[in-house]
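Source file: final-v3.txt; contents: compact mmCIF, C-alpha atoms and all ligand atoms.
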```txt
# COMPACT_ATOMS: atom_id res chain seq x y z
CA MET B 16 0.00 0.00 0.00
CA THR B 17 1.21 3.50 -0.76
CA SER B 18 2.38 5.50 2.20
CA LEU B 19 0.03 8.17 3.37
CA THR B 20 2.66 9.96 5.40
CA GLY B 21 3.16 13.44 4.11
CA THR B 22 3.98 17.00 4.86
CA SER B 23 3.37 20.30 3.17
CA ILE B 24 4.72 23.82 3.39
CA ALA B 25 2.53 26.30 5.20
CA GLU B 26 2.79 29.98 5.92
CA ILE B 27 2.72 30.66 9.64
CA LYS B 28 2.43 33.92 11.51
CA CYS B 29 4.39 34.03 14.75
CA GLU B 30 2.19 34.52 17.83
CA LYS B 31 4.85 36.59 19.48
CA CYS B 32 6.76 38.74 17.00
CA LYS B 33 4.13 38.49 14.20
CA SER B 34 6.71 37.68 11.57
CA VAL B 35 5.51 35.40 8.80
CA PHE B 36 7.56 32.38 7.87
CA GLU B 37 7.22 29.17 5.91
CA THR B 38 7.49 25.84 7.63
CA GLN B 39 6.86 22.19 7.03
CA VAL B 40 3.67 20.89 8.61
CA ILE B 41 2.46 17.33 8.99
CA GLU B 42 -0.68 16.45 7.07
CA HIS B 43 -0.61 12.66 7.04
CA ILE B 44 0.89 10.17 9.42
CA ASP B 45 1.29 6.48 8.84
CA LEU B 46 1.64 4.97 12.30
CA SER B 47 3.37 1.86 10.99
CA GLU B 48 6.16 4.06 9.64
CA ASP B 49 6.48 6.59 12.39
CA ARG B 50 6.03 5.31 15.93
CA GLU B 51 7.83 8.30 17.44
CA ILE B 52 5.02 10.60 16.42
CA ILE B 53 2.50 8.75 18.62
CA LYS B 54 3.79 10.49 21.74
CA ALA B 55 3.43 13.92 20.17
CA LEU B 56 0.00 13.07 18.79
CA LYS B 57 -1.23 11.92 22.18
CA ILE B 58 -0.54 15.30 23.74
CA GLY B 59 -1.80 17.19 20.70
CA LYS B 60 1.64 18.48 19.78
CA ALA B 61 2.47 16.79 16.51
CA ASN B 62 2.79 20.02 14.59
CA ARG B 63 5.45 21.82 16.55
CA VAL B 64 7.04 24.82 14.84
CA GLN B 65 9.58 27.39 15.90
CA CYS B 66 9.75 30.98 14.75
CA PRO B 67 13.12 31.50 13.02
CA LYS B 68 13.26 35.09 14.22
CA CYS B 69 12.34 35.10 17.91
CA LYS B 70 12.55 31.31 18.51
CA LYS B 71 9.02 31.15 19.91
CA VAL B 72 7.73 27.55 19.87
CA MET B 73 4.14 27.06 18.75
CA TYR B 74 1.82 24.11 18.28
CA LEU B 75 -0.40 24.39 15.26
CA ASP B 76 -4.09 23.64 15.34
CA ARG B 77 -4.22 21.89 11.99
CA SER B 78 -5.95 18.76 10.84
CA ILE B 79 -3.86 15.61 10.60
CA VAL B 80 -4.81 12.42 8.81
CA VAL B 81 -3.71 9.42 10.84
CA ASN B 82 -3.47 6.08 9.10
CA PHE B 83 -3.57 3.22 11.59
CA GLU B 84 -1.79 0.81 9.25
CA PRO B 85 -1.97 -2.26 9.31
CA GLU B 86 -5.46 -1.75 10.74
CA ASN B 87 -8.10 -0.59 8.31
CA ARG B 88 -8.64 2.65 10.08
CA ILE B 89 -8.11 6.24 9.06
CA VAL B 90 -8.78 9.08 11.46
CA VAL B 91 -8.79 12.78 10.73
CA TYR B 92 -7.89 14.66 13.87
CA ASP B 93 -8.92 18.28 13.77
CA PRO B 94 -9.44 20.15 17.04
CA LYS B 95 -11.58 22.67 15.15
CA ALA B 96 -13.99 20.13 13.64
CA THR B 97 -16.35 20.26 16.59
CA THR B 98 -19.62 20.42 14.66
CA GLU B 99 -21.39 17.62 12.79
CA GLU B 100 -21.19 19.81 9.71
CA ALA B 101 -17.41 20.13 9.90
CA LYS B 102 -17.08 16.39 10.39
CA ALA B 103 -19.37 15.72 7.42
CA THR B 104 -17.15 17.90 5.23
CA PHE B 105 -14.15 15.68 5.97
CA GLN B 106 -16.22 12.59 5.24
CA THR B 107 -17.28 14.02 1.87
CA ASP B 108 -13.69 15.00 1.02
CA TYR B 109 -12.52 11.52 1.87
CA GLU B 110 -15.19 9.92 -0.30
CA SER B 111 -14.39 12.19 -3.23
CA ILE B 112 -10.67 11.38 -2.94
CA ILE B 113 -11.16 7.63 -2.95
CA ALA B 114 -13.70 7.88 -5.78
CA PHE B 115 -10.85 8.88 -8.14
CA ASN B 116 -9.04 5.61 -8.07
CA GLU B 117 -10.07 1.97 -8.18
CA ILE B 118 -7.43 0.79 -5.73
CA LEU B 119 -8.38 3.50 -3.27
CA GLN B 120 -12.03 2.57 -3.68
CA GLU B 121 -11.23 -0.97 -2.63
CA ILE B 122 -9.24 0.24 0.35
CA GLY B 123 -11.96 2.73 1.17
CA ALA B 124 -14.63 0.05 1.25
CA GLU B 125 -12.68 -1.83 3.92
CA THR B 126 -11.55 1.17 5.89
CA GLU B 127 -13.18 2.70 8.88
CA PHE B 128 -13.01 6.44 8.48
CA SER B 129 -13.70 8.80 11.36
CA VAL B 130 -13.21 12.43 12.29
CA PHE B 131 -12.21 13.39 15.81
CA SER B 132 -12.05 16.83 17.32
CA ASN B 133 -11.54 15.57 20.84
CA LEU B 134 -7.95 14.62 21.66
CA ASP B 135 -9.10 12.04 24.22
CA ASP B 136 -10.86 10.04 21.48
CA LEU B 137 -7.68 9.96 19.42
CA LYS B 138 -5.61 9.12 22.48
CA THR B 139 -7.74 6.07 23.25
CA LEU B 140 -7.23 4.71 19.74
CA LEU B 141 -3.49 5.43 19.81
CA GLU B 142 -3.14 3.58 23.08
CA GLU B 143 -5.02 0.58 21.70
CA TYR B 144 -2.80 0.67 18.63
CA GLU B 145 0.37 0.77 20.71
CA LYS B 146 -0.81 -2.20 22.76
CA ALA B 147 -1.75 -4.23 19.69
CA HIS B 148 1.41 -3.49 17.68
CA SER B 149 4.22 -3.14 20.20
ZN ZN B 201 8.57 35.17 16.29
```

Turn this file's structure into structure tokens for me.
Amino acid sequence: MTSLTGTSIAEIKCEKCKSVFETQVIEHIDLSEDREIIKALKIGKANRVQCPKCKKVMYLDRSIVVNFEPENRIVVYDPKATTEEAKATFQTDYESIIAFNEILQEIGAETEFSVFSNLDDLKTLLEEYEKAHS
């Protein structure tokens, strides 16, 4: 299966000195490839960035797609997706992505897809994953 781990470049404004800088942010995590990230995910600090100017450390409130490989589970964690509507948007996006490709459609049919805004929900799953695959 193709790795879903990925990053992108985002423009961030420093909370402290207000300077704008570009940084790499995590968008996808494949747990089977990156066990180290579990710790950071569990405390909601996977996307840690540092301002190059004033060295202020910040944790970004961005959505992260977590692939629980080898389990057929994909979770979008977004602390801002607190409404049913926001969650439904992710679900629709996911369905439109997998609709493009036959292989993804097959994977999609077997995959449990969920959207979490509550860190505790994600934490529970991460702990189960760690127990099952340690
Ligand atoms: Zn700064």

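Closest approach to ligand ZN 201 (chain B) from the set B:His43, B:Lys71, B:Lys95, B:Lys54 is made by B:Lys71, with distances taken over only C-alpha atoms and all ligand atoms.
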
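Using all atoms listed in the file as the basis for the distance check, residues found within 8 Å of ligand ZN 201 (chain B) are Lys28, Cys29, Glu30, Lys31, Cys32, Lys33, Ser34, Gln65, Cys66, Pro67, Lys68, Cys69, Lys70 and Lys71 of chain B.
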
For a quick check of understanding, using only C-alpha atoms, which of B:Val72, B:Leu46, B:Ile27, B:Leu134 has the smallest distance to Glu86 of chain B?
B:Leu46

Would you mind reading off the distance between atom CA of Thr97 of chain B and atom CA of Lys146 of chain B, one decimal, in Å?
28.0 Å

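Our summary of the geometry notes that atom CA of Arg63 of chain B is positioned 21.3 Å from atom CA of Phe83 of chain B.
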
Taking every listed atom of segment 116-120 of chain B and adding 8 Å to each side, what centre and edge lengths in Å (one decimal) does the axis-aligned box have, as JSON?
```
{"center_x": -9.7, "center_y": 3.2, "center_z": -5.7, "size_x": 20.6, "size_y": 20.8, "size_z": 20.9}
```

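The nearest approach to Asp76 of chain B among the residues B:Ser47, B:Ser23, B:Thr98, B:Asn62, with only C-alpha atoms taken into account, belongs to B:Asn62.
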
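For the residues B:Ile53, B:Arg77, B:Ala61, B:Val130, ranking by smallest atom-to-atom distance to Ala25 of chain B using all atoms listed in the file places B:Arg77 first.
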